[in-house]
$ cat entry_8.pdb   # PDB, C-alpha atoms, pLDDT in the B column
MODEL        1
ATOM      1  CA  GLU A   1       0.000   0.000   0.000  1.00 46.00           C
ATOM      2  CA  GLN A   2       2.748   2.490   0.556  1.00 48.00           C
ATOM      3  CA  ILE A   3       4.288   1.951  -2.894  1.00 49.00           C
ATOM      4  CA  LEU A   4       1.139   2.979  -4.861  1.00 49.00           C
ATOM      5  CA  GLU A   5       0.799   6.523  -3.406  1.00 49.00           C
ATOM      6  CA  PRO A   6       3.934   8.105  -4.827  1.00 50.00           C
ATOM      7  CA  GLU A   7       3.149   6.895  -8.342  1.00 50.00           C
ATOM      8  CA  LEU A   8       0.290   9.422  -8.620  1.00 49.00           C
ATOM      9  CA  GLU A   9       2.555  12.530  -8.088  1.00 49.00           C
ATOM     10  CA  PRO A  10       4.471  12.387 -11.362  1.00 48.00           C
ATOM     11  CA  ASP A  11       1.152  12.320 -13.237  1.00 48.00           C
ATOM     12  CA  LEU A  12       0.151  15.675 -11.732  1.00 44.00           C
ATOM     13  CA  GLU A  13       3.519  17.316 -12.426  1.00 47.00           C
ATOM     14  CA  SER A  14       3.256  16.634 -16.145  1.00 46.00           C
ATOM     15  CA  GLU A  15       0.457  19.206 -16.591  1.00 48.00           C
ATOM     16  CA  PRO A  16       2.510  22.427 -16.215  1.00 48.00           C
ATOM     17  CA  GLU A  17       4.687  21.374 -19.143  1.00 49.00           C
ATOM     18  CA  LEU A  18       2.184  23.141 -21.442  1.00 46.00           C
ATOM     19  CA  GLU A  19       2.915  26.602 -19.996  1.00 47.00           C
ATOM     20  CA  PRO A  20       6.426  27.083 -21.413  1.00 47.00           C
ATOM     21  CA  GLU A  21       5.104  26.224 -24.878  1.00 48.00           C
ATOM     22  CA  LEU A  22       2.696  29.185 -24.825  1.00 46.00           C
ATOM     23  CA  GLN A  23       5.275  31.805 -23.707  1.00 48.00           C
ATOM     24  CA  PRO A  24       7.521  31.766 -26.788  1.00 47.00           C
ATOM     25  CA  GLU A  25       4.479  32.144 -29.052  1.00 48.00           C
ATOM     26  CA  THR A  26       3.434  35.426 -27.418  1.00 42.00           C
ATOM     27  CA  GLU A  27       6.961  36.811 -27.562  1.00 45.00           C
ATOM     28  CA  ALA A  28       7.236  36.087 -31.265  1.00 42.00           C
ATOM     29  CA  GLU A  29       4.037  38.005 -31.953  1.00 46.00           C
ATOM     30  CA  THR A  30       5.076  41.153 -30.147  1.00 45.00           C
ATOM     31  CA  GLU A  31       8.603  41.416 -31.518  1.00 48.00           C
ATOM     32  CA  PRO A  32       7.695  42.152 -35.198  1.00 48.00           C
ATOM     33  CA  GLU A  33       5.317  44.929 -34.106  1.00 48.00           C
ATOM     34  CA  GLN A  34       8.147  46.788 -32.386  1.00 49.00           C
ATOM     35  CA  ILE A  35      10.382  46.547 -35.462  1.00 48.00           C
ATOM     36  CA  LEU A  36       7.858  48.245 -37.771  1.00 48.00           C
ATOM     37  CA  GLU A  37       7.606  51.444 -35.698  1.00 49.00           C
ATOM     38  CA  PRO A  38      11.203  52.711 -36.116  1.00 50.00           C
ATOM     39  CA  GLU A  39      10.969  52.223 -39.879  1.00 51.00           C
ATOM     40  CA  LEU A  40       8.602  55.207 -40.086  1.00 47.00           C
ATOM     41  CA  GLU A  41      11.063  57.617 -38.448  1.00 50.00           C
ATOM     42  CA  PRO A  42      13.642  57.754 -41.289  1.00 48.00           C
ATOM     43  CA  ASP A  43      10.820  58.584 -43.698  1.00 49.00           C
ATOM     44  CA  LEU A  44      10.006  61.703 -41.704  1.00 44.00           C
ATOM     45  CA  GLU A  45      13.640  62.732 -41.395  1.00 49.00           C
ATOM     46  CA  SER A  46      14.100  62.727 -45.175  1.00 47.00           C
ATOM     47  CA  GLU A  47      11.655  65.641 -45.623  1.00 49.00           C
ATOM     48  CA  PRO A  48      13.904  68.506 -44.367  1.00 49.00           C
ATOM     49  CA  GLU A  49      16.357  67.659 -47.150  1.00 52.00           C
ATOM     50  CA  LEU A  50      14.252  69.913 -49.442  1.00 50.00           C
ATOM     51  CA  GLU A  51      15.112  73.099 -47.489  1.00 52.00           C
ATOM     52  CA  PRO A  52      18.791  73.349 -48.489  1.00 50.00           C
ATOM     53  CA  GLU A  53      17.797  72.805 -52.121  1.00 53.00           C
ATOM     54  CA  LEU A  54      15.516  75.886 -52.151  1.00 50.00           C
ATOM     55  CA  GLN A  55      18.065  78.274 -50.619  1.00 52.00           C
ATOM     56  CA  PRO A  56      20.707  78.177 -53.366  1.00 50.00           C
ATOM     57  CA  GLU A  57      18.037  78.658 -56.034  1.00 51.00           C
ATOM     58  CA  ALA A  58      16.880  81.963 -54.519  1.00 47.00           C
ATOM     59  CA  GLU A  59      20.455  83.200 -54.267  1.00 48.00           C
ATOM     60  CA  ALA A  60      21.173  82.295 -57.887  1.00 47.00           C
ATOM     61  CA  GLU A  61      18.227  84.398 -59.082  1.00 51.00           C
ATOM     62  CA  THR A  62      19.279  87.570 -57.268  1.00 51.00           C
ATOM     63  CA  GLU A  63      22.977  87.448 -58.178  1.00 53.00           C
ATOM     64  CA  PRO A  64      22.672  88.135 -61.946  1.00 51.00           C
ATOM     65  CA  GLU A  65      20.420  91.158 -61.314  1.00 55.00           C
ATOM     66  CA  LEU A  66      23.138  92.875 -59.301  1.00 52.00           C
ATOM     67  CA  ILE A  67      25.762  92.199 -61.977  1.00 54.00           C
ATOM     68  CA  LEU A  68      23.783  93.983 -64.737  1.00 53.00           C
ATOM     69  CA  GLU A  69      23.807  97.404 -63.007  1.00 53.00           C
ATOM     70  CA  PRO A  70      27.516  98.250 -63.193  1.00 52.00           C
ATOM     71  CA  GLU A  71      27.619  97.307 -66.885  1.00 56.00           C
ATOM     72  CA  LEU A  72      25.761 100.540 -67.774  1.00 52.00           C
ATOM     73  CA  GLU A  73      28.457 102.834 -66.343  1.00 51.00           C
ATOM     74  CA  PRO A  74      31.198 102.252 -68.923  1.00 48.00           C
ATOM     75  CA  GLU A  75      28.740 102.967 -71.753  1.00 53.00           C
ATOM     76  CA  LEU A  76      28.157 106.520 -70.480  1.00 48.00           C
ATOM     77  CA  GLN A  77      31.825 107.345 -69.894  1.00 49.00           C
ATOM     78  CA  PRO A  78      33.314 107.501 -73.434  1.00 48.00           C
ATOM     79  CA  GLU A  79      31.798 110.915 -74.249  1.00 47.00           C
ATOM     80  CA  PRO A  80      34.711 113.299 -74.634  1.00 43.00           C
ATOM     81  CA  GLU A  81      36.512 112.798 -77.917  1.00 48.00           C
ATOM     82  CA  PRO A  82      38.762 115.537 -79.276  1.00 42.00           C
ATOM     83  CA  GLU A  83      37.496 116.946 -82.529  1.00 50.00           C
ATOM     84  CA  ALA A  84      40.109 116.839 -85.246  1.00 53.00           C
ATOM     85  CA  ILE A  85      38.368 119.418 -87.458  1.00 65.00           C
ATOM     86  CA  SER A  86      40.782 121.697 -89.249  1.00 77.00           C
ATOM     87  CA  TYR A  87      40.138 125.270 -90.300  1.00 84.00           C
ATOM     88  CA  ASP A  88      40.453 124.184 -93.920  1.00 90.00           C
ATOM     89  CA  GLU A  89      37.419 121.921 -93.615  1.00 93.00           C
ATOM     90  CA  ILE A  90      35.386 124.684 -91.958  1.00 94.00           C
ATOM     91  CA  ASN A  91      36.438 127.155 -94.662  1.00 94.00           C
ATOM     92  CA  LYS A  92      35.419 124.685 -97.365  1.00 95.00           C
ATOM     93  CA  LEU A  93      31.953 124.430 -95.843  1.00 95.00           C
ATOM     94  CA  ILE A  94      31.665 128.219 -95.692  1.00 96.00           C
ATOM     95  CA  ASP A  95      32.823 128.631 -99.284  1.00 96.00           C
ATOM     96  CA  MET A  96      30.365 125.988-100.471  1.00 96.00           C
ATOM     97  CA  GLY A  97      27.612 127.792 -98.554  1.00 96.00           C
ATOM     98  CA  PHE A  98      28.257 131.060-100.394  1.00 97.00           C
ATOM     99  CA  ILE A  99      28.431 129.261-103.747  1.00 97.00           C
ATOM    100  CA  ARG A 100      25.045 127.668-103.170  1.00 96.00           C
ATOM    101  CA  LYS A 101      23.625 130.933-101.886  1.00 96.00           C
ATOM    102  CA  SER A 102      24.694 132.647-105.125  1.00 96.00           C
ATOM    103  CA  ALA A 103      23.017 129.840-107.072  1.00 96.00           C
ATOM    104  CA  LYS A 104      19.854 130.444-105.005  1.00 94.00           C
ATOM    105  CA  GLN A 105      20.132 126.957-103.508  1.00 96.00           C
ATOM    106  CA  TYR A 106      19.128 128.334-100.153  1.00 96.00           C
ATOM    107  CA  GLU A 107      18.331 125.037 -98.423  1.00 95.00           C
ATOM    108  CA  ASP A 108      21.751 123.612 -99.272  1.00 96.00           C
ATOM    109  CA  ALA A 109      23.445 126.843 -98.249  1.00 97.00           C
ATOM    110  CA  VAL A 110      21.714 126.691 -94.853  1.00 96.00           C
ATOM    111  CA  ARG A 111      23.051 123.172 -94.298  1.00 96.00           C
ATOM    112  CA  ASN A 112      26.609 124.223 -95.155  1.00 97.00           C
ATOM    113  CA  PHE A 113      26.557 127.245 -92.874  1.00 97.00           C
ATOM    114  CA  ALA A 114      24.877 125.344 -90.035  1.00 95.00           C
ATOM    115  CA  LEU A 115      27.478 122.567 -90.152  1.00 96.00           C
ATOM    116  CA  ALA A 116      30.340 125.068 -90.170  1.00 95.00           C
ATOM    117  CA  CYS A 117      28.742 126.923 -87.271  1.00 93.00           C
ATOM    118  CA  GLU A 118      28.491 123.690 -85.302  1.00 92.00           C
ATOM    119  CA  LEU A 119      32.117 122.715 -85.887  1.00 93.00           C
ATOM    120  CA  THR A 120      33.832 126.029 -85.181  1.00 92.00           C
ATOM    121  CA  ARG A 121      34.744 127.124 -81.665  1.00 89.00           C
ATOM    122  CA  ASP A 122      35.218 130.764 -82.577  1.00 89.00           C
ATOM    123  CA  ALA A 123      32.373 132.745 -80.979  1.00 87.00           C
ATOM    124  CA  GLU A 124      32.509 135.626 -83.482  1.00 88.00           C
ATOM    125  CA  LEU A 125      32.550 133.247 -86.442  1.00 92.00           C
ATOM    126  CA  LYS A 126      29.513 131.528 -85.004  1.00 91.00           C
ATOM    127  CA  TYR A 127      27.769 134.893 -84.884  1.00 91.00           C
ATOM    128  CA  LEU A 128      28.627 135.697 -88.529  1.00 94.00           C
ATOM    129  CA  LEU A 129      27.427 132.296 -89.691  1.00 95.00           C
ATOM    130  CA  THR A 130      24.270 132.721 -87.636  1.00 94.00           C
ATOM    131  CA  MET A 131      23.496 135.967 -89.418  1.00 95.00           C
ATOM    132  CA  GLU A 132      24.035 134.282 -92.800  1.00 96.00           C
ATOM    133  CA  ILE A 133      21.579 131.538 -91.847  1.00 97.00           C
ATOM    134  CA  LEU A 134      19.178 134.173 -90.544  1.00 96.00           C
ATOM    135  CA  ASN A 135      19.167 136.003 -93.875  1.00 96.00           C
ATOM    136  CA  LEU A 136      18.572 132.731 -95.716  1.00 97.00           C
ATOM    137  CA  TYR A 137      15.619 131.979 -93.450  1.00 96.00           C
ATOM    138  CA  LYS A 138      14.204 135.385 -94.387  1.00 95.00           C
ATOM    139  CA  ASP A 139      14.584 134.568 -98.079  1.00 95.00           C
ATOM    140  CA  LEU A 140      12.794 131.245 -97.495  1.00 95.00           C
ATOM    141  CA  GLY A 141      10.032 132.722 -95.334  1.00 95.00           C
ATOM    142  CA  ARG A 142      11.006 130.479 -92.376  1.00 95.00           C
ATOM    143  CA  TYR A 143      10.543 133.131 -89.712  1.00 95.00           C
ATOM    144  CA  GLU A 144       9.756 130.796 -86.835  1.00 94.00           C
ATOM    145  CA  GLU A 145      13.040 128.941 -87.339  1.00 95.00           C
ATOM    146  CA  ALA A 146      14.809 132.286 -87.528  1.00 95.00           C
ATOM    147  CA  GLU A 147      13.396 133.243 -84.120  1.00 94.00           C
ATOM    148  CA  ASN A 148      14.473 129.940 -82.593  1.00 95.00           C
ATOM    149  CA  LEU A 149      17.968 130.352 -84.016  1.00 94.00           C
ATOM    150  CA  LEU A 150      18.299 133.835 -82.525  1.00 93.00           C
ATOM    151  CA  ASN A 151      17.009 132.748 -79.121  1.00 94.00           C
ATOM    152  CA  ILE A 152      19.535 129.909 -78.953  1.00 92.00           C
ATOM    153  CA  ASN A 153      22.476 132.080 -79.957  1.00 90.00           C
ATOM    154  CA  ILE A 154      21.515 134.896 -77.604  1.00 90.00           C
ATOM    155  CA  TYR A 155      21.283 132.450 -74.719  1.00 89.00           C
ATOM    156  CA  ASN A 156      24.556 130.675 -75.544  1.00 87.00           C
ATOM    157  CA  GLY A 157      26.475 133.855 -76.335  1.00 84.00           C
ATOM    158  CA  LYS A 158      25.777 135.820 -73.170  1.00 81.00           C
ATOM    159  CA  ASN A 159      29.201 135.050 -71.735  1.00 80.00           C
ATOM    160  CA  ASN A 160      31.177 134.809 -74.988  1.00 83.00           C
ATOM    161  CA  LEU A 161      29.936 137.596 -77.259  1.00 85.00           C
ATOM    162  CA  GLN A 162      30.334 141.334 -76.972  1.00 89.00           C
ATOM    163  CA  PRO A 163      27.319 143.363 -75.770  1.00 91.00           C
ATOM    164  CA  ASP A 164      26.963 145.055 -79.178  1.00 92.00           C
ATOM    165  CA  ILE A 165      26.541 141.665 -80.871  1.00 91.00           C
ATOM    166  CA  ILE A 166      23.947 140.582 -78.306  1.00 92.00           C
ATOM    167  CA  ASN A 167      22.058 143.845 -78.840  1.00 91.00           C
ATOM    168  CA  GLU A 168      22.042 143.355 -82.609  1.00 92.00           C
ATOM    169  CA  MET A 169      20.651 139.848 -82.261  1.00 92.00           C
ATOM    170  CA  ASN A 170      17.957 141.128 -79.920  1.00 93.00           C
ATOM    171  CA  ARG A 171      17.086 143.778 -82.512  1.00 92.00           C
ATOM    172  CA  GLN A 172      16.794 141.108 -85.211  1.00 93.00           C
ATOM    173  CA  LEU A 173      14.634 139.034 -82.871  1.00 93.00           C
ATOM    174  CA  SER A 174      12.228 141.966 -82.396  1.00 93.00           C
ATOM    175  CA  PHE A 175      12.060 142.435 -86.175  1.00 93.00           C
ATOM    176  CA  MET A 176      11.167 138.754 -86.690  1.00 93.00           C
ATOM    177  CA  ARG A 177       8.504 138.825 -83.997  1.00 93.00           C
ATOM    178  CA  ILE A 178       6.792 141.949 -85.373  1.00 94.00           C
ATOM    179  CA  LEU A 179       7.060 140.746 -88.972  1.00 94.00           C
ATOM    180  CA  ARG A 180       5.511 137.385 -88.129  1.00 93.00           C
ATOM    181  CA  ALA A 181       2.616 139.113 -86.387  1.00 93.00           C
ATOM    182  CA  GLU A 182       1.951 141.386 -89.373  1.00 93.00           C
ATOM    183  CA  LEU A 183       2.129 138.547 -91.901  1.00 95.00           C
ATOM    184  CA  SER A 184      -0.171 136.359 -89.786  1.00 94.00           C
ATOM    185  CA  ARG A 185      -2.654 139.237 -89.554  1.00 93.00           C
ATOM    186  CA  LEU A 186      -2.633 139.515 -93.356  1.00 93.00           C
ATOM    187  CA  SER A 187      -2.893 135.691 -93.761  1.00 95.00           C
ATOM    188  CA  ILE A 188       0.445 135.475 -95.570  1.00 94.00           C
ATOM    189  CA  PRO A 189       2.587 133.950 -92.784  1.00 92.00           C
ATOM    190  CA  ASP A 190       5.335 132.273 -94.819  1.00 93.00           C
ATOM    191  CA  THR A 191       5.930 134.896 -97.456  1.00 94.00           C
ATOM    192  CA  PRO A 192       9.643 135.351 -98.267  1.00 95.00           C
ATOM    193  CA  LEU A 193      10.967 138.730 -97.233  1.00 93.00           C
ATOM    194  CA  ALA A 194      11.664 139.756-100.831  1.00 93.00           C
ATOM    195  CA  LYS A 195       7.959 139.292-101.616  1.00 94.00           C
ATOM    196  CA  VAL A 196       6.575 141.028 -98.531  1.00 95.00           C
ATOM    197  CA  PRO A 197       4.721 144.231 -99.558  1.00 94.00           C
ATOM    198  CA  ARG A 198       6.704 147.394 -98.948  1.00 93.00           C
ATOM    199  CA  LEU A 199       3.929 148.892 -96.852  1.00 94.00           C
ATOM    200  CA  VAL A 200       4.146 145.944 -94.472  1.00 93.00           C
ATOM    201  CA  GLN A 201       7.894 146.384 -94.156  1.00 92.00           C
ATOM    202  CA  LEU A 202       7.419 150.066 -93.381  1.00 93.00           C
ATOM    203  CA  ASN A 203       4.876 149.226 -90.690  1.00 93.00           C
ATOM    204  CA  VAL A 204       7.277 146.740 -89.134  1.00 93.00           C
ATOM    205  CA  SER A 205      10.088 149.323 -89.117  1.00 92.00           C
ATOM    206  CA  ALA A 206       7.819 151.920 -87.513  1.00 93.00           C
ATOM    207  CA  LYS A 207       6.772 149.525 -84.741  1.00 93.00           C
ATOM    208  CA  MET A 208      10.392 148.605 -84.081  1.00 90.00           C
ATOM    209  CA  GLN A 209      11.340 152.266 -83.709  1.00 90.00           C
ATOM    210  CA  GLN A 210       8.448 152.761 -81.314  1.00 90.00           C
ATOM    211  CA  GLU A 211       9.586 149.846 -79.147  1.00 87.00           C
ATOM    212  CA  GLU A 212      13.159 151.134 -79.070  1.00 85.00           C
ATOM    213  CA  ALA A 213      11.904 154.561 -78.068  1.00 86.00           C
ATOM    214  CA  ASP A 214       9.823 153.066 -75.275  1.00 85.00           C
ATOM    215  CA  GLU A 215      12.788 151.058 -74.003  1.00 80.00           C
ATOM    216  CA  GLY A 216      15.010 154.161 -74.126  1.00 75.00           C
ATOM    217  CA  SER A 217      12.548 156.178 -72.065  1.00 72.00           C
ATOM    218  CA  LEU A 218      12.702 153.547 -69.314  1.00 65.00           C
TER     219      LEU A 218
ENDMDL
END
$ encode --input "entry_8.pdb" --output "structure tokens"
Amino acid sequence: EQILEPELEPDLESEPELEPELQPETEAETEPEQILEPELEPDLESEPELEPELQPEAEAETEPELILEPELEPELQPEPEPEAISYDEINKLIDMGFIRKSAKQYEDAVRNFALACELTRDAELKYLLTMEILNLYKDLGRYEEAENLLNINIYNGKNNLQPDIINEMNRQLSFMRILRAELSRLSIPDTPLAKVPRLVQLNVSAKMQQEEADEGSL
């Protein structure tokens, strides 16, 4: 009877052998879930790589705009160039102007005198050429251009010409202004001076004398 009782104990101890078989199964299920979570983190870290790519592009766009500005400066600098115009060339233009004036080619004569006047640096020669052009404008009936020419030369010659020359140009300017007014009143504005009626010329001379008298009384 004593030998049969301990034989039942090993039968009961065999039951907990099932417990260690269940533990490894649960551990295997949880381990792959933990491995998937860190795989998402490198995907998020790759996004800030776009920021350094945008910065150099903005700098590259602004750099060429700043380089274009100094390129305009050298284009404005080469202005002064010494004129190598000789007196012979100016004299040839003047001679050709008188030849064409004698041939009654007034337009061509104006161009010759105007070019010579532009090239010379002699103030008195400029004045003489200006008066030649002025007389040609009278012959052509171009009184408005004659007024503009006188205004320019009076303004530019204030410091270079003698007072008598300035006074003569002012006198011619008054003559042109009064003559233009009379011709416009008679509806013959562009009549050459040689064809202006003598009575009109006398009226212009009388009005000029009246203006000079009024200025003298002041």
$ residues_around --input "entry_8.pdb" --residues "Ile94 of chain A" --least-positions-apart "6" --cutoff "12 Å" --atoms "only C-alpha atoms" --output "mmCIF file with C-alpha atoms, in the frame of the given file"
data_model
loop_
_atom_site.group_PDB
_atom_site.id
_atom_site.type_symbol
_atom_site.label_atom_id
_atom_site.label_comp_id
_atom_site.auth_asym_id
_atom_site.auth_seq_id
_atom_site.Cartn_x
_atom_site.Cartn_y
_atom_site.Cartn_z
ATOM 1 C CA TYR A 87 40.138 125.270 -90.300
ATOM 2 C CA ASP A 88 40.453 124.184 -93.920
ATOM 3 C CA ARG A 100 25.045 127.668 -103.170
ATOM 4 C CA LYS A 101 23.625 130.933 -101.886
ATOM 5 C CA ASP A 108 21.751 123.612 -99.272
ATOM 6 C CA ALA A 109 23.445 126.843 -98.249
ATOM 7 C CA VAL A 110 21.714 126.691 -94.853
ATOM 8 C CA ARG A 111 23.051 123.172 -94.298
ATOM 9 C CA ASN A 112 26.609 124.223 -95.155
ATOM 10 C CA PHE A 113 26.557 127.245 -92.874
ATOM 11 C CA ALA A 114 24.877 125.344 -90.035
ATOM 12 C CA LEU A 115 27.478 122.567 -90.152
ATOM 13 C CA ALA A 116 30.340 125.068 -90.170
ATOM 14 C CA CYS A 117 28.742 126.923 -87.271
ATOM 15 C CA GLU A 118 28.491 123.690 -85.302
ATOM 16 C CA LEU A 119 32.117 122.715 -85.887
ATOM 17 C CA THR A 120 33.832 126.029 -85.181
ATOM 18 C CA LEU A 125 32.550 133.247 -86.442
ATOM 19 C CA LYS A 126 29.513 131.528 -85.004
ATOM 20 C CA LEU A 128 28.627 135.697 -88.529
ATOM 21 C CA LEU A 129 27.427 132.296 -89.691
ATOM 22 C CA THR A 130 24.270 132.721 -87.636
ATOM 23 C CA GLU A 132 24.035 134.282 -92.800
ATOM 24 C CA ILE A 133 21.579 131.538 -91.847
#
$ atom_distance --input "entry_8.pdb" --atom1 "atom CA of Lys138 of chain A" --atom2 "atom CA of Ala194 of chain A"
8.2 Å
$ atom_distance --input "entry_8.pdb" --atom1 "atom CA of Ala146 of chain A" --atom2 "atom CA of Leu186 of chain A"
19.8 Å
$ atom_distance --input "entry_8.pdb" --atom1 "atom CA of Arg185 of chain A" --atom2 "atom CA of Glu107 of chain A"
26.8 Å
$ residues_near_point --input "entry_8.pdb" --point "(9.0, 133.5, -96.6)" --cutoff "7 Å" --atoms "all atoms listed in the file" --output "VMD selection string"
chain A and resid 138 to 142 190 to 193
